[in-house]
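Below is one structure; the comments refer to it alone.
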Amino acid sequence: MMKYAIDLHIHTCLSPCGDIDMTPNNIVNMSGIKGLDIIAVTDHNAAGNCAAVIEAASGSDLMVVPGMELCTADEIHLLCYFPDTDTALGFQDEVFKNLLPVKNREDVFGRQIYMNSLDEETGTEDRFLIGASMIPTLDAILMARSMGGAVLPAHVDRESFSMLNTFGFIPEEYGFKYLECSRNCQLDSFLRERADLRRYDFIRSSDAHYLQDILERESWLELEEKSVECLLDRINGITADK
Ligand SMILES: [Zn+2]
Ligand SMILES: [Zn+2]
């Protein structure tokens with residue numbers, strides 16, 4: 001077992017609220033400077049920049065996991081991670097079919113920029129990515145897992161778009177082993193208030209929309225080997241942490 005420094009919640013410039021500087025190479029380089037071993041790319045309701053970030057990291061020691069931060073019909077943010085970019089894009093196809101039929105307004109929400117691995121703009125997305133999809137939460141979880149993915153409820157300690165705040169609890173039948181807590185969560189005092197959550201393990205990630213917010217070596221995950229497969233198995237609770 002090896003311990004890896006992780007940040008599994010990073011937005012690129014494809015997210016309308018993501019800073020323009022969140023380009024593939026900037027994310028990879030900043031993650032390298034911060035000393036991270038594994039990151040995940042999780043744009044709102046989209047996975048179109050995952051491949052570019054993975055390619056930008058090729059040849060470095062940084063492992064990049066393709067992912068998405070899906071907003072379900074219940075207005076809950078779910079971090080979905082996938083074994084490869086093709087699977088992430090297949091999941092995205094289903095999500096795109098279930099977005100509200102409205103266009104993004106760049107002047108209000110921001111631009112949604114596609115980039116290649118050289119940080120060149122290759123287009124913009126005009127779907128309304130920042131809104132809720134029409135996929136019910138349980139359907140989304142089962143769909144991601146059926147495609148070989150793993151799911152983490154995002155920032156459960158926060159007020160907005162969190163499963164805990166929306167439902168009031170984490171449904172046991174969802175089968176989570178891990179929950180995400182946000183970068184500044186005081187986990188000890190949080191769990192003192194929510195003793196029902198002590199049976200979960202927590203993964204702390206940044207939810208970075210700006211380069212400087214990417215985590216340093218402060219959030220850790222033990223894996224048998226540094227592979228996407230191992231990481232997905234761990235989040236799915238297939239492999240134990242000891
Ligand atoms: Zn979120
Ligand atoms: Zn986010």
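If you're wondering about the labels, chains in the structure tokens are A, B, ... by order shown, residues count from 1 in each chain, ligands from 1 in order shown.
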
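For ligand 1, the set of protein, DNA and RNA residues within 7 Å, based on only C-alpha atoms and all ligand atoms, reads Glu69, His77, Ala154, His155 and Phe161 of chain A.
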
Surrounding residues as an MDAnalysis selection string, ligand 2, max 12 Å, only C-alpha atoms and all ligand atoms: chainID A and resid 7:12 14:18 40:46 67:71 76:80 130 152:156 158 160:162 180:183 205:210 213:214

Export of prior selection with C-alpha atoms as a short mmCIF file (atom, residue, chain, number, x, y, z; two decimals), in the first residue's frame:
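Now in selection21.cif:
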data_model
loop_
_atom_site.label_atom_id
_atom_site.label_comp_id
_atom_site.auth_asym_id
_atom_site.auth_seq_id
_atom_site.Cartn_x
_atom_site.Cartn_y
_atom_site.Cartn_z
CA ASP A 7 -7.33 16.34 -5.24
CA LEU A 8 -10.34 14.69 -6.88
CA HIS A 9 -12.48 17.76 -7.57
CA ILE A 10 -11.02 20.25 -10.04
CA HIS A 11 -12.91 22.33 -12.61
CA THR A 12 -11.51 23.42 -15.96
CA LEU A 14 -15.29 24.22 -19.49
CA SER A 15 -17.20 24.97 -16.30
CA PRO A 16 -18.80 28.39 -16.75
CA CYS A 17 -17.70 29.33 -13.22
CA GLY A 18 -14.18 27.95 -13.81
CA ALA A 40 -9.58 14.31 -11.12
CA VAL A 41 -11.19 16.62 -13.65
CA THR A 42 -14.81 17.25 -12.68
CA ASP A 43 -16.61 19.87 -14.75
CA HIS A 44 -20.28 20.62 -14.25
CA ASN A 45 -22.38 18.13 -16.25
CA ALA A 46 -19.57 17.70 -18.79
CA GLY A 67 -14.75 12.64 -14.14
CA MET A 68 -17.76 14.91 -13.96
CA GLU A 69 -19.63 16.82 -11.30
CA LEU A 70 -23.20 15.92 -12.15
CA CYS A 71 -26.09 18.00 -10.84
CA ILE A 76 -27.45 17.29 -5.62
CA HIS A 77 -23.86 17.39 -6.86
CA LEU A 78 -22.37 13.95 -7.47
CA LEU A 79 -18.73 13.44 -8.35
CA CYS A 80 -18.61 10.67 -10.94
CA ILE A 130 -24.46 24.88 -14.70
CA LEU A 152 -18.91 10.35 -4.42
CA PRO A 153 -21.52 12.76 -3.01
CA ALA A 154 -19.87 16.18 -3.31
CA HIS A 155 -19.15 18.59 -0.44
CA VAL A 156 -21.66 17.05 1.99
CA ARG A 158 -21.84 22.53 2.50
CA SER A 160 -25.83 24.14 -1.37
CA PHE A 161 -26.11 21.19 -3.77
CA SER A 162 -25.21 18.74 -1.04
CA GLU A 180 -16.52 14.21 -0.04
CA CYS A 181 -15.90 17.03 2.41
CA SER A 182 -14.91 20.47 1.23
CA ARG A 183 -11.44 21.92 1.56
CA SER A 205 -10.92 17.85 -2.23
CA SER A 206 -10.61 21.45 -3.31
CA ASP A 207 -13.51 22.06 -5.73
CA ALA A 208 -10.97 24.38 -7.34
CA HIS A 209 -12.29 26.89 -9.85
CA TYR A 210 -9.02 28.86 -9.61
CA ASP A 213 -7.19 26.70 -4.83
CA ILE A 214 -5.82 23.33 -5.95
#

Which of segment 63-194 of chain A DSSP labels alpha helix (DSSP H), written as a PyMOL selection string: chain A and resi 85-97+106-109+137-146+163-167+187-193

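Using only C-alpha atoms, the protein and nucleic acid residues lying no more than 7 Å from Lys177 of chain A, apart from those fewer than 6 places from it along its own chain, are A:Tyr200, A:Asp201, A:Ile235, A:Asn236, A:Gly237.
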
Sel. of strand (DSSP E) residues, segment 2-231 of chain A, as a VMD selection string: chain A and resid 2 to 10 38 to 44 63 to 71 77 to 81 113 to 115 121 to 124 150 to 153 178 to 181 201 to 204 220 to 223

A:Pro171, A:Leu215, A:Asn49, A:Lys226 ranked by distance to Lys34 of chain A, top pick (using only C-alpha atoms):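 Ranking A:Pro171, A:Leu215, A:Asn49, A:Lys226 by distance to Lys34 of chain A, first place goes to A:Leu215.
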
Shell of 7 Å around Pro136 of chain A, only C-alpha atoms, local chain residues under 5 positions omitted, as a PyMOL selection string: chain A and resi 72-74

Kindly export the residues of the current selection with C-alpha atoms, as a PDB file, in the first residue's frame.
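Result written to part.pdb:
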ATOM      1  CA  THR A  72     -29.015  15.620 -10.416  1.00  0.00           C
ATOM      2  CA  ALA A  73     -32.726  16.393 -10.708  1.00  0.00           C
ATOM      3  CA  ASP A  74     -32.720  16.673  -6.914  1.00  0.00           C
TER       4      ASP A  74
END

For Arg145 of chain A, the nearest of the candidates A:Glu106, A:Asp233, A:Asp119, A:Glu125, counting only C-alpha atoms: A:Asp233

Who sits within 8 Å of Ile203 of chain A, only C-alpha atoms, same chain under 5 positions skipped, as a ChimeraX atom specification: /A:178-181,219-221

Residue contacts of Leu142 of chain A (12 Å, only C-alpha atoms) excluding same-chain residues fewer than 2 positions away, as a PyMOL selection string: chain A and resi 78+80+91+135-140+144-151+173-176+236
